[in-house]
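Text of work-v1.txt (compact mmCIF, C-alpha atoms and all ligand atoms) as supplied:
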```
# COMPACT_ATOMS: atom_id res chain seq x y z
CA MET A 587 36.46 38.88 8.63
CA THR A 588 37.66 40.13 12.04
CA ARG A 589 35.99 43.34 13.14
CA GLU A 590 38.15 46.32 14.11
CA LEU A 591 39.18 46.22 17.74
CA HIS A 592 39.47 48.85 20.44
CA VAL A 593 42.83 48.32 22.15
CA ALA A 594 44.09 50.15 25.26
CA VAL A 595 47.69 50.41 26.49
CA VAL A 596 48.04 51.15 30.20
CA GLY A 597 51.48 52.57 31.10
CA ALA A 598 51.80 53.96 27.58
CA THR A 599 54.64 56.36 28.49
CA GLY A 600 56.83 53.75 30.16
CA ALA A 601 59.79 51.76 28.82
CA VAL A 602 57.50 48.79 28.04
CA GLY A 603 54.44 50.85 27.00
CA GLN A 604 56.42 52.72 24.35
CA GLN A 605 57.57 49.40 22.89
CA MET A 606 53.96 48.16 22.93
CA ILE A 607 52.82 51.12 20.83
CA LYS A 608 55.73 50.57 18.42
CA THR A 609 55.01 46.83 18.19
CA LEU A 610 51.27 47.37 17.62
CA GLN A 611 52.17 49.74 14.80
CA GLU A 612 54.54 47.20 13.23
CA ARG A 613 52.10 44.27 13.45
CA ASN A 614 48.91 43.76 11.56
CA LEU A 615 46.29 43.71 14.30
CA PRO A 616 42.86 44.98 13.20
CA ILE A 617 42.88 48.04 15.48
CA GLY A 618 40.07 50.53 14.95
CA LYS A 619 40.78 52.60 18.06
CA LEU A 620 43.85 52.84 20.32
CA THR A 621 43.47 54.36 23.80
CA LEU A 622 46.68 55.32 25.59
CA LEU A 623 46.61 55.55 29.38
CA SER A 624 49.11 56.61 32.05
CA SER A 625 49.07 58.39 35.40
CA ALA A 626 47.79 61.96 35.74
CA ARG A 627 51.46 63.09 35.38
CA SER A 628 51.55 62.26 31.66
CA ALA A 629 47.89 62.90 30.81
CA GLY A 630 47.65 65.38 27.91
CA LYS A 631 50.93 64.31 26.26
CA LYS A 632 50.60 63.38 22.57
CA VAL A 633 51.82 60.26 20.79
CA THR A 634 51.78 59.70 17.03
CA TYR A 635 50.39 56.30 16.02
CA ASN A 636 50.07 55.41 12.34
CA GLY A 637 50.29 59.11 11.47
CA GLU A 638 47.50 60.05 13.89
CA GLU A 639 47.96 62.03 17.12
CA ILE A 640 46.61 60.29 20.23
CA ILE A 641 46.28 62.18 23.51
CA ILE A 642 47.35 60.20 26.56
CA GLN A 643 44.66 60.03 29.26
CA GLU A 644 44.78 59.27 32.96
CA ALA A 645 43.87 55.60 33.54
CA LYS A 646 40.51 55.29 35.36
CA PRO A 647 37.91 52.50 35.56
CA GLU A 648 35.75 54.28 32.96
CA SER A 649 38.68 54.37 30.51
CA PHE A 650 37.90 50.75 29.62
CA GLU A 651 34.34 51.27 28.33
CA GLY A 652 34.20 49.62 24.88
CA VAL A 653 37.78 48.29 25.06
CA ASP A 654 38.30 44.80 23.60
CA ILE A 655 41.91 44.18 24.63
CA ALA A 656 43.82 46.09 27.33
CA LEU A 657 47.60 45.69 27.53
CA PHE A 658 48.77 46.60 31.05
CA SER A 659 52.32 47.60 32.02
CA ALA A 660 52.04 50.23 34.74
CA GLY A 661 53.10 48.18 37.76
CA GLY A 662 51.41 45.55 39.90
CA SER A 663 49.31 47.85 42.07
CA ILE A 664 47.76 49.54 39.01
CA SER A 665 46.98 46.13 37.49
CA LYS A 666 45.40 44.94 40.74
CA ALA A 667 43.21 48.04 40.89
CA LEU A 668 42.29 48.47 37.21
CA ALA A 669 42.49 45.06 35.49
CA PRO A 670 39.27 43.80 37.20
CA GLU A 671 37.59 47.10 36.20
CA ALA A 672 38.59 46.52 32.58
CA VAL A 673 37.33 42.91 32.68
CA LYS A 674 34.07 44.06 34.28
CA ARG A 675 33.56 46.29 31.22
CA GLY A 676 34.15 43.42 28.77
CA ALA A 677 37.85 43.79 27.98
CA ILE A 678 40.40 40.97 27.91
CA VAL A 679 43.44 42.07 29.91
CA VAL A 680 46.99 41.02 29.02
CA ASP A 681 48.91 41.96 32.14
CA ASN A 682 52.69 42.43 32.11
CA THR A 683 53.09 42.66 35.88
CA SER A 684 53.54 39.88 38.43
CA ALA A 685 50.15 40.72 40.04
CA PHE A 686 48.20 37.70 38.74
CA ARG A 687 50.85 35.36 37.33
CA MET A 688 50.61 32.64 39.95
CA ASP A 689 46.79 32.82 40.25
CA GLU A 690 45.55 29.39 39.16
CA ASN A 691 42.63 30.97 37.26
CA VAL A 692 44.98 33.10 35.18
CA PRO A 693 46.85 31.59 32.21
CA LEU A 694 50.55 32.53 32.13
CA VAL A 695 51.42 32.43 28.47
CA VAL A 696 54.37 32.31 26.10
CA PRO A 697 52.68 31.52 22.77
CA GLU A 698 55.52 29.27 21.50
CA VAL A 699 55.12 27.16 24.65
CA ASN A 700 51.50 27.10 25.85
CA GLU A 701 49.23 29.09 23.52
CA GLU A 702 46.42 26.60 24.20
CA ALA A 703 46.27 27.75 27.83
CA LEU A 704 44.61 30.95 26.56
CA LYS A 705 41.39 29.00 25.98
CA ALA A 706 40.88 28.75 29.76
CA HIS A 707 41.12 32.48 30.40
CA ASN A 708 38.68 34.32 32.65
CA GLY A 709 39.37 37.82 31.40
CA ILE A 710 42.96 38.22 32.61
CA ILE A 711 46.00 36.68 30.94
CA ALA A 712 49.41 37.15 32.53
CA ASN A 713 52.54 37.89 30.56
CA PRO A 714 55.44 36.16 32.33
CA ASN A 715 58.60 37.67 33.74
CA CYS A 716 61.01 38.83 31.02
CA SER A 717 63.90 36.50 31.99
CA THR A 718 61.51 33.56 32.22
CA ILE A 719 59.94 34.14 28.78
CA GLN A 720 63.18 33.98 26.81
CA MET A 721 64.39 30.92 28.72
CA VAL A 722 61.23 28.82 28.33
CA ALA A 723 60.92 29.76 24.64
CA ALA A 724 64.34 28.17 24.08
CA LEU A 725 63.76 25.19 26.39
CA GLN A 726 60.36 24.15 24.98
CA PRO A 727 61.64 22.47 21.77
CA LEU A 728 64.24 20.54 23.84
CA ARG A 729 61.65 19.51 26.40
CA GLU A 730 59.28 18.31 23.64
CA LYS A 731 61.92 16.19 21.90
CA TYR A 732 64.18 15.03 24.74
CA GLY A 733 62.35 15.63 28.03
CA LEU A 734 63.71 18.02 30.63
CA SER A 735 64.84 17.05 34.12
CA LYS A 736 66.76 20.03 35.53
CA VAL A 737 67.34 23.76 34.88
CA ILE A 738 69.96 26.02 36.47
CA VAL A 739 70.09 29.61 35.20
CA SER A 740 72.21 32.67 35.93
CA THR A 741 70.98 35.92 34.40
CA TYR A 742 72.78 39.05 33.24
CA GLN A 743 69.90 41.55 33.15
CA ALA A 744 69.70 44.95 31.49
CA VAL A 745 68.65 48.07 33.42
CA SER A 746 65.66 48.74 31.12
CA GLY A 747 63.97 45.84 32.94
CA ALA A 748 63.70 48.23 35.87
CA GLY A 749 62.04 50.99 33.82
CA ALA A 750 62.85 54.35 32.32
CA ALA A 751 64.25 55.74 35.61
CA ALA A 752 66.86 52.96 35.80
CA ILE A 753 68.02 53.64 32.23
CA ASN A 754 68.56 57.30 33.20
CA GLU A 755 70.36 56.28 36.37
CA LEU A 756 72.87 54.12 34.44
CA LYS A 757 73.56 56.88 31.91
CA GLU A 758 73.91 59.61 34.54
CA GLN A 759 76.19 57.50 36.76
CA ALA A 760 78.41 56.49 33.85
CA GLN A 761 78.78 60.15 32.88
CA ALA A 762 79.41 61.22 36.49
CA ILE A 763 82.11 58.55 36.91
CA LEU A 764 83.82 59.56 33.65
CA ASP A 765 83.64 63.22 34.77
CA GLU A 766 84.90 62.24 38.27
CA LYS A 767 81.75 63.76 39.86
CA GLU A 768 79.82 62.60 42.96
CA PHE A 769 76.51 60.75 42.56
CA THR A 770 73.98 59.01 44.80
CA PRO A 771 72.41 55.72 43.58
CA GLU A 772 68.62 55.95 43.99
CA ILE A 773 66.92 53.29 41.85
CA LEU A 774 68.89 50.03 41.69
CA PRO A 775 68.66 47.40 42.93
CA VAL A 776 64.89 47.18 42.59
CA GLY A 777 63.80 45.90 46.00
CA GLY A 778 66.72 47.65 47.69
CA ASP A 779 64.71 48.78 50.69
CA LYS A 780 67.84 49.49 52.76
CA LYS A 781 70.44 50.46 50.18
CA HIS A 782 70.94 51.34 46.54
CA TYR A 783 74.21 50.65 44.73
CA GLN A 784 76.20 51.96 41.80
CA ILE A 785 75.22 50.15 38.58
CA ALA A 786 77.62 51.84 36.12
CA PHE A 787 80.81 49.73 35.76
CA ASN A 788 79.37 47.28 38.30
CA ALA A 789 77.24 44.10 38.65
CA ILE A 790 74.50 43.85 41.32
CA PRO A 791 73.47 40.31 42.40
CA GLN A 792 70.04 41.45 43.58
CA ILE A 793 66.90 41.97 41.49
CA ASP A 794 63.84 42.59 43.62
CA LYS A 795 63.42 41.82 47.32
CA PHE A 796 65.08 38.95 49.18
CA GLN A 797 62.70 36.17 50.25
CA ASP A 798 62.98 34.13 53.45
CA ASN A 799 64.67 31.27 51.53
CA GLY A 800 67.61 33.50 50.45
CA PHE A 801 66.47 33.76 46.82
CA THR A 802 65.28 37.13 45.47
CA PHE A 803 61.73 37.63 44.20
CA GLU A 804 63.04 37.82 40.59
CA GLU A 805 64.70 34.43 41.11
CA MET A 806 61.55 32.95 42.61
CA LYS A 807 59.51 34.31 39.69
CA MET A 808 61.84 32.50 37.27
CA ILE A 809 61.53 29.28 39.28
CA ASN A 810 57.75 29.30 39.82
CA GLU A 811 56.74 30.73 36.45
CA THR A 812 58.90 28.23 34.52
CA LYS A 813 57.13 25.35 36.26
CA LYS A 814 53.69 26.87 35.60
CA ILE A 815 54.23 27.76 31.91
CA MET A 816 55.74 24.35 31.14
CA SER A 817 53.14 22.53 33.28
CA MET A 818 56.02 20.81 35.10
CA PRO A 819 55.45 21.48 38.82
CA GLU A 820 58.12 18.92 39.78
CA LEU A 821 60.86 20.30 37.49
CA PRO A 822 63.94 21.25 39.55
CA VAL A 823 64.79 24.89 38.68
CA ALA A 824 67.33 27.19 40.34
CA ALA A 825 68.07 30.81 39.40
CA THR A 826 70.58 33.54 40.25
CA CYS A 827 69.59 36.96 38.86
CA VAL A 828 72.17 39.70 38.38
CA ARG A 829 71.82 43.27 37.07
CA LEU A 830 74.47 44.52 34.64
CA PRO A 831 75.21 47.97 33.16
CA VAL A 832 73.57 47.05 29.83
CA VAL A 833 70.66 49.26 28.69
CA THR A 834 68.60 46.61 26.84
CA GLY A 835 68.91 42.85 26.31
CA HIS A 836 68.84 40.20 29.02
CA SER A 837 71.44 37.41 28.77
CA GLU A 838 71.32 34.03 30.49
CA SER A 839 73.74 31.20 31.10
CA VAL A 840 71.51 28.11 31.26
CA TYR A 841 72.47 24.56 32.29
CA ILE A 842 69.90 21.86 31.59
CA GLU A 843 69.68 18.13 31.99
CA ILE A 844 67.52 16.26 29.50
CA GLU A 845 66.04 12.79 29.86
CA ASN A 846 67.45 11.36 26.63
CA ASN A 847 71.21 10.72 26.59
CA ASP A 848 71.65 10.16 22.84
CA ALA A 849 71.26 13.82 21.86
CA THR A 850 74.38 15.44 20.46
CA VAL A 851 75.29 19.11 20.33
CA ALA A 852 74.57 19.00 16.59
CA ASP A 853 71.06 17.59 17.28
CA VAL A 854 70.33 20.33 19.81
CA LYS A 855 71.57 23.03 17.44
CA LYS A 856 69.44 21.71 14.57
CA LEU A 857 66.36 21.51 16.78
CA LEU A 858 66.77 25.10 18.00
CA ALA A 859 67.61 26.42 14.53
CA ASP A 860 64.24 25.10 13.31
CA ALA A 861 62.20 26.21 16.36
CA PRO A 862 59.64 29.05 16.11
CA GLY A 863 60.85 32.39 17.45
CA ILE A 864 64.41 31.12 18.01
CA VAL A 865 67.54 32.19 16.15
CA LEU A 866 70.61 29.99 16.51
CA GLN A 867 73.85 31.98 16.61
CA ASP A 868 76.44 29.36 17.39
CA ASP A 869 79.72 29.20 15.51
CA PRO A 870 82.60 29.33 17.99
CA GLU A 871 85.20 28.98 15.25
CA ASN A 872 84.07 32.31 13.82
CA GLN A 873 83.24 33.81 17.25
CA VAL A 874 79.52 33.86 16.50
CA TYR A 875 77.31 33.97 19.62
CA PRO A 876 74.40 36.14 20.82
CA MET A 877 75.06 39.47 22.53
CA PRO A 878 72.55 41.98 23.90
CA ALA A 879 73.81 44.85 21.72
CA ASP A 880 72.86 42.82 18.63
CA CYS A 881 69.40 41.77 19.82
CA VAL A 882 68.00 45.23 20.62
CA GLY A 883 64.86 45.90 18.58
CA LYS A 884 64.48 42.25 17.54
CA ARG A 885 61.58 40.01 18.53
CA GLU A 886 63.38 36.65 18.51
CA VAL A 887 65.21 34.74 21.22
CA PHE A 888 68.88 34.16 20.31
CA VAL A 889 70.71 31.01 21.43
CA GLY A 890 74.37 30.07 21.20
CA ARG A 891 77.42 28.61 23.05
CA ILE A 892 75.71 25.19 23.12
CA ARG A 893 78.02 22.65 24.78
CA LYS A 894 77.65 19.23 26.30
CA ASP A 895 78.53 19.09 29.98
CA LEU A 896 81.91 17.47 30.63
CA ASP A 897 80.70 15.30 33.54
CA HIS A 898 76.97 14.71 33.14
CA GLU A 899 76.10 12.86 29.92
CA ASN A 900 72.60 14.40 29.80
CA GLY A 901 73.80 17.92 30.66
CA PHE A 902 73.96 20.85 28.21
CA HIS A 903 75.03 24.47 28.62
CA MET A 904 73.75 27.35 26.52
CA TRP A 905 73.65 31.15 26.32
CA ILE A 906 70.25 32.77 25.69
CA VAL A 907 69.79 36.47 24.83
CA SER A 908 66.70 38.52 23.96
CA ASP A 909 65.38 42.08 23.97
CA ASN A 910 63.73 42.18 27.42
CA LEU A 911 61.36 44.98 26.37
CA LEU A 912 60.16 43.05 23.29
CA LYS A 913 60.01 39.25 23.71
CA GLY A 914 60.32 39.83 27.46
CA ALA A 915 57.37 42.22 27.59
CA ALA A 916 55.76 44.18 24.72
CA TRP A 917 56.11 41.64 21.90
CA ASN A 918 55.03 38.67 24.02
CA SER A 919 51.93 40.67 25.06
CA VAL A 920 51.07 41.65 21.49
CA GLN A 921 51.74 38.05 20.42
CA ILE A 922 49.21 36.93 23.06
CA ALA A 923 46.70 39.42 21.61
CA GLU A 924 47.35 37.99 18.13
CA SER A 925 46.84 34.45 19.47
CA LEU A 926 43.56 35.48 21.14
CA ILE A 927 42.30 36.80 17.80
CA LYS A 928 43.58 33.73 15.90
CA LEU A 929 41.86 31.36 18.36
CA GLY A 930 38.60 33.33 18.12
CA LEU A 931 38.72 34.25 21.80
CA VAL A 932 37.99 37.97 21.36
CA LYS A 933 34.23 38.32 21.39
N1 LIG B 1001 57.12 41.07 31.46
C1 LIG B 1001 58.04 41.60 32.20
O1 LIG B 1001 58.92 40.97 32.69
C2 LIG B 1001 58.09 43.04 32.41
C3 LIG B 1001 57.05 43.61 33.10
N2 LIG B 1001 57.10 44.92 33.39
C4 LIG B 1001 55.95 45.47 34.15
O2 LIG B 1001 55.54 46.66 33.54
C5 LIG B 1001 55.57 47.72 34.48
C6 LIG B 1001 56.06 48.97 33.80
O3 LIG B 1001 57.39 48.80 33.42
P1 LIG B 1001 58.23 49.93 32.70
O4 LIG B 1001 57.54 50.36 31.46
O5 LIG B 1001 59.59 49.39 32.59
O6 LIG B 1001 58.17 51.10 33.80
P2 LIG B 1001 58.34 52.65 33.63
O7 LIG B 1001 58.68 53.15 34.97
O8 LIG B 1001 59.23 52.97 32.49
O9 LIG B 1001 56.84 53.14 33.24
C7 LIG B 1001 55.77 53.06 34.13
C8 LIG B 1001 54.47 53.38 33.42
O10 LIG B 1001 53.38 53.22 34.31
C9 LIG B 1001 52.62 54.41 34.34
N3 LIG B 1001 52.01 54.65 35.63
C10 LIG B 1001 52.63 54.88 36.81
N4 LIG B 1001 51.72 55.11 37.79
C11 LIG B 1001 50.50 55.00 37.20
C12 LIG B 1001 49.17 55.16 37.67
N5 LIG B 1001 48.90 55.46 38.94
N6 LIG B 1001 48.16 54.97 36.79
C13 LIG B 1001 48.41 54.68 35.49
N7 LIG B 1001 49.65 54.56 34.99
C14 LIG B 1001 50.69 54.71 35.84
C15 LIG B 1001 53.61 55.49 34.01
O11 LIG B 1001 52.92 56.66 33.59
P3 LIG B 1001 53.51 58.15 33.85
O12 LIG B 1001 54.29 58.51 32.63
O13 LIG B 1001 52.29 58.96 33.99
O14 LIG B 1001 54.33 58.10 35.10
C16 LIG B 1001 54.39 54.80 32.90
O15 LIG B 1001 53.66 54.87 31.70
C17 LIG B 1001 56.51 47.24 35.60
O16 LIG B 1001 56.18 47.82 36.81
C18 LIG B 1001 56.33 45.76 35.57
O17 LIG B 1001 55.26 45.46 36.43
C19 LIG B 1001 58.16 45.65 33.02
C20 LIG B 1001 59.24 45.10 32.34
C21 LIG B 1001 59.24 43.74 31.94
N1 LIG B 1002 62.19 42.37 36.99
C1 LIG B 1002 62.52 42.53 35.60
C2 LIG B 1002 61.45 43.30 34.88
C3 LIG B 1002 60.08 43.17 35.47
O1 LIG B 1002 59.38 44.13 35.64
O2 LIG B 1002 59.75 41.94 35.80
P1 LIG B 1002 58.38 41.53 36.48
O3 LIG B 1002 57.32 41.92 35.50
O4 LIG B 1002 58.51 40.09 36.65
O5 LIG B 1002 58.25 42.28 37.77
C4 LIG B 1002 63.84 43.23 35.51
O6 LIG B 1002 64.09 44.00 36.40
O7 LIG B 1002 64.58 43.05 34.55
```
Rewrite the structure from the file as structure tokens, please.
Amino acid sequence: MTRELHVAVVGATGAVGQQMIKTLQERNLPIGKLTLLSSARSAGKKVTYNGEEIIIQEAKPESFEGVDIALFSAGGSISKALAPEAVKRGAIVVDNTSAFRMDENVPLVVPEVNEEALKAHNGIIANPNCSTIQMVAALQPLREKYGLSKVIVSTYQAVSGAGAAAINELKEQAQAILDEKEFTPEILPVGGDKKHYQIAFNAIPQIDKFQDNGFTFEEMKMINETKKIMSMPELPVAATCVRLPVVTGHSESVYIEIENNDATVADVKKLLADAPGIVLQDDPENQVYPMPADCVGKREVFVGRIRKDLDHENGFHMWIVSDNLLKGAAWNSVQIAESLIKLGLVK
């Protein structure tokens, strides 16, 4: 029998942290004690978990004494400072930030794709970027059966990916525009070190800072993390990441080329319909396809609009949607914790 675990959530008051607490409550992890951590700003606030009141504490190195699993989502600098402190005290860290993702000693895990990689962990496990997780979860069954030779993705990302402040900004701007009032954009785009732009009734083709190669950091995360998770360093991947005025649910238009040229649209649909964690919603005749408003609060990755390319016989197009706070963050992290327990990796 598994003993009861001491789990900590760092960033417990944030958009992701709140979903982590909700997901932990919904799942059946053997949690004996839950410690909720934030900055000093939120210390003292109370959260009800399984009918019990838990007082949020300021995250400090000592907070991790006796913790078995620590789920981090308080930003990269907090992870860099506190994750090693948690590991030093015996905890396994599942980190939602980009701080350690490309470190070769840190497994970057989507359980449907590379659960086995957990066995090589050294205390820290990285949860991938939200847009990357939902894409690779859908591509893995295709890669396994048909081989994968190219990926081109354009994203349509929700503001909740940029945290609670961005959700407020969208709502306030939308109201101000409807009321014909002035407003000053302050949050989006993330990485907008020179300017911020209106997000309500708009689309912003920048998520995170521009890199020297013209891609943004979000785009480079999708490119590099996809190659690492799928163990395909040579796979050609290109990404364009765009922020939309949607509160929750990232959408993606994905073009892939597979190695096998016998696969039909019906084969691809059947494969995805049977794949773990994937829901096929693809019935153009009846206008059935995934949309972010329908995926909020759900853990699965939804796939539809599957078409064969008109020019390339190995090319397929598809539309992938998922709740960015769940499969893209909180649920994937909790799923990693469940895998760690299942594989006997929690001492
Ligand atoms: N897998 C992925 O793709 C995703 C990863 N993330 C990662 O998770 C992080 C949090 O995202 P999100 O929840 O959306 O952000 P929010 O802005 O909504 O929440 C930030 C959280 O971090 C806490 N925090 C801030 N400063 C500190 C500090 N000095 N010490 C301890 N806690 C602190 C905040 O606590 P307080 O209430 O006290 O301010 C709050 O709980 C992101 O920065 C990103 O790195 C986020 C989304 C998706
Ligand atoms: N960048 C994502 C969310 C996020 O925090 O991603 P990352 O953990 O890769 O920085 C978004 O804005 O939708």
Neighbour list for Ala760 (chain A) as a PyMOL selection string, cut-off 9 Å, only C-alpha atoms, skip fewer than 4 positions in-chain: chain A and resi 755-756+764-765+785-787
Just C-alpha atoms for this one: save the residues we selected as a CSV table (one decimal), keeping the file's coordinate frame.
```csv
chain,number,residue,atom,x,y,z
A,755,GLU,CA,70.4,56.3,36.4
A,756,LEU,CA,72.9,54.1,34.4
A,764,LEU,CA,83.8,59.6,33.6
A,765,ASP,CA,83.6,63.2,34.8
A,785,ILE,CA,75.2,50.2,38.6
A,786,ALA,CA,77.6,51.8,36.1
A,787,PHE,CA,80.8,49.7,35.8
```
Surrounding residues of Leu610 (chain A) excluding itself and chain neighbours under 2 positions, 12 Å, all atoms listed in the file, as a PyMOL selection string: chain A and resi 593-595+598+603-608+612-620+635-636+657+912+916-924
Contacts of ligand LIG 1001 (chain B), 6 Å or closer, only C-alpha atoms and all ligand atoms, given as a count of residues only: 30
Residues within 7 Å of region 903-909 of chain A, all atoms listed in the file, excluding chain neighbours under 3 positions, as a ChimeraX atom specification: /A:720-721,834-842,876-878,881-895,912-914
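Relative to CA of Asn700 (chain A), CA of Leu623 (chain A) is found at 29.1 Å.
Considering all atoms listed in the file, the residue among A:Glu730, A:Asp681, A:Glu772, A:Glu843 positioned nearest to ligand LIG 1002 (chain B) is A:Asp681.
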Spatial sel., origin (46.4, 33.4, 31.9), limit 12 Å, all atoms listed in the file, listed as JSON, numbers by chain: {"A": [678, 679, 680, 681, 682, 684, 685, 686, 687, 688, 689, 690, 691, 692, 693, 694, 695, 696, 697, 700, 701, 702, 703, 704, 705, 706, 707, 708, 709, 710, 711, 712, 713, 714, 811, 814, 815, 919, 922, 923, 926]}
Per residue of region 752-786 of chain A within 10 Å of region 823-829 of chain A, note the shortest atom pair and the distance in Å to one decimal, counting all atoms listed in the file, and order the rows by chain and increasing residue number, as CSV.
```
residue,atom,partner,partner_atom,distance
A:Leu774,CA,A:Arg829,CA,8.7
A:Pro775,CA,A:Arg829,CA,7.8
A:Val776,CA,A:Arg829,CA,9.7
A:Ile785,CA,A:Arg829,CA,7.8
```
12 Å contact set for Lys933 (chain A), all atoms listed in the file, chain neighbours under 6 positions out, as an NGL selection string: :A and (588-592 or 652-655 or 676-678 or 709 or 926-927)
Could the residues in this selection be written to a file with C-alpha atoms, as a tab-separated table (two decimals), in the frame of the given file?
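Contents of again_1.tsv, as written:
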```tsv
chain	number	residue	atom	x	y	z
A	588	THR	CA	37.66	40.13	12.04
A	589	ARG	CA	35.99	43.34	13.14
A	590	GLU	CA	38.15	46.32	14.11
A	591	LEU	CA	39.18	46.22	17.74
A	592	HIS	CA	39.47	48.85	20.44
A	652	GLY	CA	34.20	49.62	24.88
A	653	VAL	CA	37.78	48.29	25.06
A	654	ASP	CA	38.30	44.80	23.60
A	655	ILE	CA	41.91	44.18	24.63
A	676	GLY	CA	34.15	43.42	28.77
A	677	ALA	CA	37.85	43.79	27.98
A	678	ILE	CA	40.40	40.97	27.91
A	709	GLY	CA	39.37	37.82	31.40
A	926	LEU	CA	43.56	35.48	21.14
A	927	ILE	CA	42.30	36.80	17.80
```
Polymer residues at most 12 Å from Asp779 (chain A), all atoms listed in the file, same-chain spacing of 4 or more positions, as a VMD selection string: chain A and resid 772 to 775 783 792 to 796
Separation of CA of Pro870 (chain A) from CA of Lys855 (chain A), in Å and rounded to one decimal: 12.7 Å
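Checking A:Ser649, A:Thr812, A:Gln784, A:Asn754 one by one against Leu725 (chain A), counting all atoms listed in the file, you find the shortest gap at A:Thr812.
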